[in-house]
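Enquirer: My structure file query_3.cif, mmCIF, C-alpha atoms and all ligand atoms, is below:
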data_run
#
loop_
_atom_site.label_atom_id
_atom_site.label_comp_id
_atom_site.auth_asym_id
_atom_site.auth_seq_id
_atom_site.Cartn_x
_atom_site.Cartn_y
_atom_site.Cartn_z
CA MET A 1 139.64 169.70 77.96
CA SER A 2 141.75 167.24 76.04
CA VAL A 3 141.04 166.09 72.50
CA LEU A 4 142.37 162.76 71.23
CA VAL A 5 142.86 161.78 67.59
CA ILE A 6 143.30 158.05 67.00
CA THR A 7 143.35 155.81 63.94
CA GLY A 8 141.37 152.56 64.09
CA GLY A 9 139.09 153.42 67.01
CA SER A 10 136.14 151.24 66.03
CA ARG A 11 137.27 147.90 67.47
CA GLY A 12 139.80 146.18 69.70
CA ILE A 13 142.52 148.19 71.40
CA GLY A 14 141.50 151.42 69.65
CA ARG A 15 137.94 151.11 70.90
CA ALA A 16 139.18 150.56 74.47
CA ILE A 17 141.35 153.68 74.16
CA VAL A 18 138.43 155.82 72.92
CA LEU A 19 136.21 154.63 75.78
CA GLY A 20 138.97 154.97 78.39
CA ALA A 21 139.63 158.49 77.12
CA ALA A 22 135.93 159.30 77.42
CA ARG A 23 135.95 158.13 81.05
CA ARG A 24 138.74 160.64 81.66
CA GLY A 25 136.66 163.38 80.05
CA TRP A 26 138.70 163.52 76.85
CA SER A 27 136.81 164.03 73.59
CA ALA A 28 137.93 162.12 70.52
CA ALA A 29 137.93 161.93 66.75
CA PHE A 30 138.70 158.46 65.45
CA SER A 31 138.91 156.64 62.15
CA TYR A 32 137.81 153.26 60.92
CA VAL A 33 138.28 151.72 57.51
CA ALA A 34 135.37 149.33 56.90
CA ASN A 35 133.26 148.52 59.95
CA GLU A 36 130.77 151.39 60.16
CA ALA A 37 128.45 149.63 62.63
CA ALA A 38 131.28 149.04 65.11
CA ALA A 39 132.51 152.63 64.68
CA GLU A 40 129.08 154.13 65.34
CA ALA A 41 128.57 151.84 68.35
CA THR A 42 131.91 152.90 69.87
CA ALA A 43 131.16 156.59 69.23
CA ALA A 44 127.70 156.24 70.82
CA GLU A 45 129.24 154.58 73.91
CA ALA A 46 131.78 157.40 74.21
CA ARG A 47 129.10 160.08 73.88
CA ALA A 48 127.02 158.34 76.54
CA LEU A 49 130.00 158.90 78.87
CA GLY A 50 129.51 162.64 78.38
CA VAL A 51 132.17 163.64 75.84
CA ALA A 52 132.13 164.64 72.18
CA CYS A 53 133.16 161.89 69.77
CA GLU A 54 133.48 162.18 65.99
CA VAL A 55 134.06 159.37 63.49
CA LEU A 56 135.61 159.44 60.02
CA GLN A 57 135.83 156.56 57.56
CA GLY A 58 139.14 156.38 55.74
CA ASP A 59 142.39 154.58 55.26
CA ALA A 60 145.45 155.34 57.41
CA ARG A 61 147.53 155.25 54.20
CA ASP A 62 145.65 158.28 52.83
CA GLU A 63 147.23 161.59 53.89
CA ALA A 64 144.17 163.66 52.88
CA HIS A 65 142.02 161.44 55.09
CA LEU A 66 144.45 161.88 57.99
CA ALA A 67 144.40 165.66 57.60
CA ALA A 68 140.59 165.57 57.63
CA LEU A 69 140.65 163.38 60.77
CA PHE A 70 142.84 165.92 62.59
CA ASP A 71 140.58 168.75 61.34
CA LEU A 72 137.60 166.88 62.81
CA GLY A 73 139.40 166.62 66.13
CA ALA A 74 140.45 170.28 66.02
CA ALA A 75 136.80 171.28 65.63
CA LEU A 76 136.28 169.84 69.13
CA GLY A 77 139.21 171.76 70.66
CA PRO A 78 143.02 171.82 70.49
CA VAL A 79 144.23 168.29 69.71
CA ASP A 80 146.75 167.49 72.47
CA LYS A 81 146.71 163.69 72.27
CA CYS A 82 147.23 161.28 69.39
CA VAL A 83 147.38 157.50 69.20
CA VAL A 84 148.93 155.85 66.14
CA ASN A 85 146.95 152.63 66.39
CA ALA A 86 145.61 151.27 63.08
CA GLY A 87 147.43 148.10 62.13
CA VAL A 88 146.85 144.87 60.24
CA ILE A 89 148.28 141.38 60.00
CA GLY A 90 148.17 138.70 57.29
CA PRO A 91 147.71 134.93 57.27
CA ALA A 92 150.39 133.20 59.35
CA GLY A 93 153.29 131.52 57.55
CA PRO A 94 157.01 131.80 56.80
CA LEU A 95 158.35 134.77 54.81
CA ALA A 96 159.29 132.54 51.87
CA GLY A 97 155.61 131.91 51.17
CA MET A 98 154.44 135.54 51.26
CA ASP A 99 153.62 137.31 47.99
CA ALA A 100 154.71 140.88 47.30
CA ASP A 101 151.17 142.31 47.46
CA ARG A 102 150.68 141.02 51.01
CA ILE A 103 154.06 142.36 52.16
CA ARG A 104 153.38 145.75 50.54
CA ARG A 105 149.94 145.97 52.18
CA ILE A 106 151.25 145.20 55.66
CA VAL A 107 154.18 147.62 55.31
CA ASP A 108 152.01 150.33 53.77
CA ILE A 109 149.31 150.32 56.45
CA ASN A 110 151.46 149.57 59.51
CA THR A 111 154.51 151.66 58.64
CA THR A 112 153.68 154.28 55.99
CA GLY A 113 150.24 154.85 57.52
CA ALA A 114 151.73 155.18 60.99
CA LEU A 115 154.44 157.56 59.77
CA LEU A 116 151.85 159.72 58.00
CA THR A 117 149.66 159.77 61.12
CA ALA A 118 152.62 160.70 63.33
CA ARG A 119 153.68 163.32 60.78
CA GLU A 120 150.26 164.97 60.91
CA ALA A 121 150.51 165.08 64.70
CA ALA A 122 154.06 166.44 64.46
CA ARG A 123 152.86 169.25 62.20
CA ARG A 124 149.99 170.28 64.45
CA MET A 125 150.81 169.57 68.08
CA PRO A 126 154.19 171.18 68.97
CA ALA A 127 154.01 174.44 70.89
CA ALA A 128 156.74 175.90 68.67
CA GLY A 129 154.31 175.78 65.75
CA GLY A 130 151.44 177.28 67.74
CA GLY A 131 149.97 173.93 68.80
CA PRO A 132 148.91 172.95 72.30
CA GLY A 133 151.75 170.48 72.94
CA GLY A 134 150.73 167.16 74.43
CA ALA A 135 151.50 163.48 73.92
CA ILE A 136 151.59 160.88 71.17
CA ALA A 137 151.37 157.12 71.79
CA ILE A 138 152.38 154.60 69.16
CA VAL A 139 151.06 151.04 69.16
CA SER A 140 153.96 148.72 68.45
CA SER A 141 153.96 145.00 69.31
CA ALA A 142 155.95 142.44 71.29
CA ALA A 143 156.55 141.00 67.82
CA ALA A 144 159.04 143.86 67.29
CA ARG A 145 161.45 142.14 69.70
CA LEU A 146 160.30 138.52 69.20
CA GLY A 147 160.45 138.55 65.39
CA GLY A 148 157.26 136.65 64.50
CA ALA A 149 159.19 133.69 63.05
CA ASN A 150 157.14 131.33 60.86
CA ASN A 151 154.03 133.45 61.39
CA PHE A 152 154.42 137.07 60.36
CA VAL A 153 157.95 138.46 60.18
CA ASP A 154 156.60 141.14 57.82
CA TYR A 155 154.27 142.40 60.56
CA ALA A 156 157.03 142.12 63.18
CA ALA A 157 159.36 144.19 60.98
CA THR A 158 156.76 146.95 60.64
CA LYS A 159 156.45 147.03 64.43
CA GLY A 160 160.23 147.26 64.82
CA ALA A 161 159.90 150.42 62.77
CA MET A 162 157.41 151.76 65.35
CA ASP A 163 159.99 151.39 68.13
CA THR A 164 162.54 153.30 66.04
CA LEU A 165 159.99 155.98 65.16
CA THR A 166 159.20 156.41 68.85
CA ARG A 167 162.82 157.00 69.81
CA GLY A 168 163.45 159.48 67.00
CA LEU A 169 160.22 161.43 67.14
CA ALA A 170 160.46 161.78 70.94
CA VAL A 171 163.69 163.73 70.45
CA GLU A 172 162.34 165.74 67.52
CA LEU A 173 159.21 166.88 69.36
CA ALA A 174 160.65 167.47 72.84
CA PRO A 175 159.99 169.34 75.00
CA SER A 176 156.38 170.22 74.19
CA VAL A 177 155.19 166.84 72.87
CA ARG A 178 156.03 163.51 74.51
CA VAL A 179 156.19 160.42 72.28
CA ASN A 180 156.01 156.89 73.67
CA ALA A 181 155.07 153.40 72.53
CA VAL A 182 153.35 150.35 73.93
CA ARG A 183 154.25 146.82 72.85
CA PRO A 184 151.19 144.62 73.44
CA GLY A 185 151.65 140.86 73.66
CA ILE A 186 148.79 138.51 72.89
CA ILE A 187 145.65 140.56 73.38
CA GLU A 188 142.07 139.35 72.92
CA THR A 189 140.87 141.19 69.80
CA ASP A 190 139.62 140.30 66.30
CA ILE A 191 143.09 140.74 64.74
CA HIS A 192 144.01 137.08 65.27
CA GLY A 193 141.22 136.05 62.89
CA ASP A 194 142.97 138.05 60.16
CA ALA A 195 146.06 135.89 60.77
CA GLY A 196 143.87 132.80 60.28
CA MET A 197 144.06 132.01 64.01
CA PRO A 198 140.84 133.35 65.60
CA ASP A 199 141.45 131.30 68.78
CA ARG A 200 145.12 132.35 69.13
CA ALA A 201 144.62 134.32 72.36
CA GLU A 202 142.64 131.48 73.94
CA ILE A 203 145.15 128.82 72.86
CA LEU A 204 148.38 130.68 73.69
CA GLY A 205 147.09 132.48 76.77
CA PRO A 206 147.93 129.71 79.27
CA ASP A 207 151.53 129.59 77.96
CA GLN A 208 152.17 133.23 78.89
CA PRO A 209 154.04 133.95 82.14
CA LEU A 210 150.92 135.61 83.58
CA GLY A 211 148.90 132.57 82.49
CA ARG A 212 146.49 134.28 80.11
CA ALA A 213 146.13 136.64 77.18
CA GLY A 214 145.65 140.33 77.89
CA THR A 215 142.59 142.45 77.26
CA ALA A 216 142.17 145.51 75.10
CA GLU A 217 141.34 147.46 78.27
CA GLU A 218 144.63 146.45 79.94
CA THR A 219 146.51 147.62 76.86
CA ALA A 220 144.55 150.86 76.72
CA ALA A 221 145.32 151.55 80.38
CA ALA A 222 149.06 151.82 79.66
CA ILE A 223 148.45 154.00 76.61
CA LEU A 224 146.10 156.32 78.49
CA TRP A 225 148.65 156.66 81.28
CA LEU A 226 151.37 157.57 78.76
CA LEU A 227 149.04 160.20 77.29
CA SER A 228 148.18 161.62 80.71
CA ASP A 229 150.00 164.22 82.79
CA GLU A 230 150.91 161.43 85.22
CA ALA A 231 153.56 160.44 82.66
CA SER A 232 154.89 164.00 82.41
CA TYR A 233 158.58 162.93 82.60
CA VAL A 234 158.22 159.94 80.25
CA THR A 235 159.21 160.29 76.61
CA GLY A 236 160.91 157.97 74.13
CA ALA A 237 159.80 155.02 76.29
CA ILE A 238 158.59 151.68 74.97
CA ILE A 239 156.43 149.81 77.48
CA ASP A 240 155.71 146.09 77.18
CA VAL A 241 152.12 145.15 77.99
CA ALA A 242 152.75 141.51 77.25
CA GLY A 243 152.15 139.49 80.41
CA GLY A 244 155.87 138.73 80.77
CA ARG A 245 156.19 137.41 77.22
P1 LIG B 301 141.60 144.96 65.46
O1 LIG B 301 140.73 144.48 66.58
O2 LIG B 301 141.69 144.15 64.21
O3 LIG B 301 141.17 146.46 65.11
C1 LIG B 301 141.86 147.13 64.10
C2 LIG B 301 141.36 148.56 64.01
O4 LIG B 301 142.11 149.24 63.00
C3 LIG B 301 139.91 148.65 63.58
O5 LIG B 301 139.35 149.80 64.18
C4 LIG B 301 140.01 148.81 62.07
O6 LIG B 301 138.88 149.44 61.48
C5 LIG B 301 141.24 149.70 61.97
N1 LIG B 301 141.94 149.62 60.70
C6 LIG B 301 142.40 148.50 60.07
N2 LIG B 301 143.00 148.83 58.92
C7 LIG B 301 142.93 150.18 58.81
C8 LIG B 301 143.36 151.12 57.86
N3 LIG B 301 143.97 150.74 56.73
N4 LIG B 301 143.10 152.42 58.07
C9 LIG B 301 142.46 152.83 59.20
N5 LIG B 301 142.03 151.99 60.15
C10 LIG B 301 142.26 150.68 59.94
O7 LIG B 301 143.12 145.11 65.95
P2 LIG B 301 143.75 145.35 67.40
O8 LIG B 301 144.17 144.02 67.92
O9 LIG B 301 142.90 146.22 68.22
O10 LIG B 301 145.08 146.11 66.96
C11 LIG B 301 145.30 147.50 67.18
C12 LIG B 301 146.78 147.74 67.14
O11 LIG B 301 147.41 146.94 68.15
C13 LIG B 301 147.44 147.35 65.81
O12 LIG B 301 148.44 148.27 65.47
C14 LIG B 301 148.05 145.99 66.13
O13 LIG B 301 149.14 145.69 65.30
C15 LIG B 301 148.48 146.21 67.57
N6 LIG B 301 148.72 144.97 68.33
C16 LIG B 301 147.70 144.10 68.60
C17 LIG B 301 147.98 142.93 69.31
C18 LIG B 301 146.92 141.91 69.64
O14 LIG B 301 147.25 140.80 70.13
N7 LIG B 301 145.63 142.21 69.44
C19 LIG B 301 149.28 142.67 69.74
C20 LIG B 301 150.29 143.57 69.45
C21 LIG B 301 149.99 144.73 68.75
P3 LIG B 301 137.57 148.58 61.01
O15 LIG B 301 136.82 148.26 62.29
O16 LIG B 301 136.82 149.50 60.12
O17 LIG B 301 138.08 147.36 60.33
#
Re-express the file's structure as structure tokens.
Expert:
Amino acid sequence: MSVLVITGGSRGIGRAIVLGAARRGWSAAFSYVANEAAAEATAAEARALGVACEVLQGDARDEAHLAALFDLGAALGPVDKCVVNAGVIGPAGPLAGMDADRIRRIVDINTTGALLTAREAARRMPAAGGGPGGAIAIVSSAAARLGGANNFVDYAATKGAMDTLTRGLAVELAPSVRVNAVRPGIIETDIHGDAGMPDRAEILGPDQPLGRAGTAEETAAAILWLLSDEASYVTGAIIDVAGGR
């Protein structure tokens, strides 16, 4: 039986990954930072699908919290899958108008938090260290290649770092752990409200080559495939789930 550890599993793409994992029979331990009701609802849905699911409140910037999250997963069985998912965005605008606190927050959660999460996985999962081996998936963004001009170049820069992390860590952890990334485009989740554009997916959807925004489930499908044995010869890959954007 597989056990997945994922940051930010309460809502959006993370929630879809936890539930998709449950449908595959994978148990999970996931974190959330503030929304306890959403976290408990997601965990209850996963358990109703017949798997174990544990929840831990904490911040992806906090290494003690991340260690506890992996311990929680390990109590369910050997942790052979990890998704580096938690990420935030700030109000849209050009870089010149951003204050240092906002930039530091975005960089700290999206980059330092992701690196610390991936580090915890790198310490525990490789077969050479007595771990089960397995797969890590990193949630980047189409913004990493598009740049986020006039909206959130800080966020885009943190996602560029995810692509670089994926390439490097895939080599470090081969052959027992595969490391891949997904770059979602415009996906229908709550994150756009945090950018001050709650209707962004609805408004920009028709402009996308596929004519609509994507769903959290469509994004999760690519991530779950990368984590599965069906992707056994895929590592260091960065897959766009962006509707042609
Ligand atoms: P979302 O709906 O806003 O959900 C964010 C999740 O992350 C929630 O579970 C939230 O917990 C958790 N979280 C936020 N800050 C955290 C922190 N400091 N520590 C731990 N957990 C934290 O976002 P989403 O759209 O699903 O985004 C998930 C990932 O996909 C992010 O990395 C994002 O950058 C990326 N992405 C999204 C899109 C898109 O269009 N939606 C596009 C490209 C990339 P609470 O519920 O407790 O707040």
Enquirer: Determine the nearest neighbour of A:Ala60 from the options A:Ala29, A:Ala34, A:Val79, A:Leu116, counting only C-alpha atoms.
Expert: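 Comparing A:Ala29, A:Ala34, A:Val79, A:Leu116 against A:Ala60, the winner is A:Leu116.
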Enquirer: Please, which residues have at least one atom within 6 Å of an atom of ligand LIG 301 (chain B), using all atoms listed in the file, listed as an NGL selection string?
Expert: :A and (7-14 or 31-35 or 58-60 or 85-88 or 109 or 139-141 or 184-191)
Enquirer: Would you mind exporting the chosen residues as a PDB file, in the coordinates of the input, restricted to C-alpha atoms?
Expert:
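Below you can see result.pdb, which holds the result:
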ATOM      1  CA  THR A   7     143.350 155.810  63.940  1.00  0.00           C
ATOM      2  CA  GLY A   8     141.370 152.560  64.090  1.00  0.00           C
ATOM      3  CA  GLY A   9     139.090 153.420  67.010  1.00  0.00           C
ATOM      4  CA  SER A  10     136.140 151.240  66.030  1.00  0.00           C
ATOM      5  CA  ARG A  11     137.270 147.900  67.470  1.00  0.00           C
ATOM      6  CA  GLY A  12     139.800 146.180  69.700  1.00  0.00           C
ATOM      7  CA  ILE A  13     142.520 148.190  71.400  1.00  0.00           C
ATOM      8  CA  GLY A  14     141.500 151.420  69.650  1.00  0.00           C
ATOM      9  CA  SER A  31     138.910 156.640  62.150  1.00  0.00           C
ATOM     10  CA  TYR A  32     137.810 153.260  60.920  1.00  0.00           C
ATOM     11  CA  VAL A  33     138.280 151.720  57.510  1.00  0.00           C
ATOM     12  CA  ALA A  34     135.370 149.330  56.900  1.00  0.00           C
ATOM     13  CA  ASN A  35     133.260 148.520  59.950  1.00  0.00           C
ATOM     14  CA  GLY A  58     139.140 156.380  55.740  1.00  0.00           C
ATOM     15  CA  ASP A  59     142.390 154.580  55.260  1.00  0.00           C
ATOM     16  CA  ALA A  60     145.450 155.340  57.410  1.00  0.00           C
ATOM     17  CA  ASN A  85     146.950 152.630  66.390  1.00  0.00           C
ATOM     18  CA  ALA A  86     145.610 151.270  63.080  1.00  0.00           C
ATOM     19  CA  GLY A  87     147.430 148.100  62.130  1.00  0.00           C
ATOM     20  CA  VAL A  88     146.850 144.870  60.240  1.00  0.00           C
ATOM     21  CA  ILE A 109     149.310 150.320  56.450  1.00  0.00           C
ATOM     22  CA  VAL A 139     151.060 151.040  69.160  1.00  0.00           C
ATOM     23  CA  SER A 140     153.960 148.720  68.450  1.00  0.00           C
ATOM     24  CA  SER A 141     153.960 145.000  69.310  1.00  0.00           C
ATOM     25  CA  PRO A 184     151.190 144.620  73.440  1.00  0.00           C
ATOM     26  CA  GLY A 185     151.650 140.860  73.660  1.00  0.00           C
ATOM     27  CA  ILE A 186     148.790 138.510  72.890  1.00  0.00           C
ATOM     28  CA  ILE A 187     145.650 140.560  73.380  1.00  0.00           C
ATOM     29  CA  GLU A 188     142.070 139.350  72.920  1.00  0.00           C
ATOM     30  CA  THR A 189     140.870 141.190  69.800  1.00  0.00           C
ATOM     31  CA  ASP A 190     139.620 140.300  66.300  1.00  0.00           C
ATOM     32  CA  ILE A 191     143.090 140.740  64.740  1.00  0.00           C
TER      33      ILE A 191
END
Enquirer: Closest to A:Asn150 among A:Ala21, A:Asp163, A:Leu95, A:Tyr233, using all atoms listed in the file?
Expert: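 With all atoms listed in the file as the atom set, the closest residue is A:Leu95.
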Enquirer: Nearest to A:Ala92 among A:Asp240, A:Asp194, A:Asp71, A:Glu36, with distances taken over all atoms listed in the file: which residue is it?
Expert: A:Asp194
Enquirer: Is it possible to get the residues within 12 Å of (152.4, 171.7, 61.7) (coordinates as in the file, counting all atoms listed in the file) written as a ChimeraX atom specification?
Expert: /A:67,70,79,118-133,173
Enquirer: Skip A:Ile136 itself and residues of its chain fewer than 5 positions away, then list as a list in words all residues within 9 Å of it, counting all atoms listed in the file.
Expert: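 With the cut-off at 9 Å, the set is Asp80, Lys81, Cys82, Val83, Val84, Ala118, Ala121, Ala170, Val177, Arg178, Val179, Asn180, Ala181, Leu226 and Leu227 of chain A.
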Enquirer: For a test of reading the model, state the distance in Å between atom CA of A:Ser228 and atom CA of A:Gly113, rounded to one decimal.
Expert: 24.2 Å
Enquirer: Write out as a short mmCIF file (atom, residue, chain, number, x, y, z; two decimals) with C-alpha atoms, keeping the file's coordinate frame the residues lying within 7 Å of A:Gly77, counting only C-alpha atoms and excluding same-chain residues fewer than 3 positions away.
Expert:
data_model
loop_
_atom_site.label_atom_id
_atom_site.label_comp_id
_atom_site.auth_asym_id
_atom_site.auth_seq_id
_atom_site.Cartn_x
_atom_site.Cartn_y
_atom_site.Cartn_z
CA VAL A 3 141.04 166.09 72.50
CA GLY A 73 139.40 166.62 66.13
CA ALA A 74 140.45 170.28 66.02
#
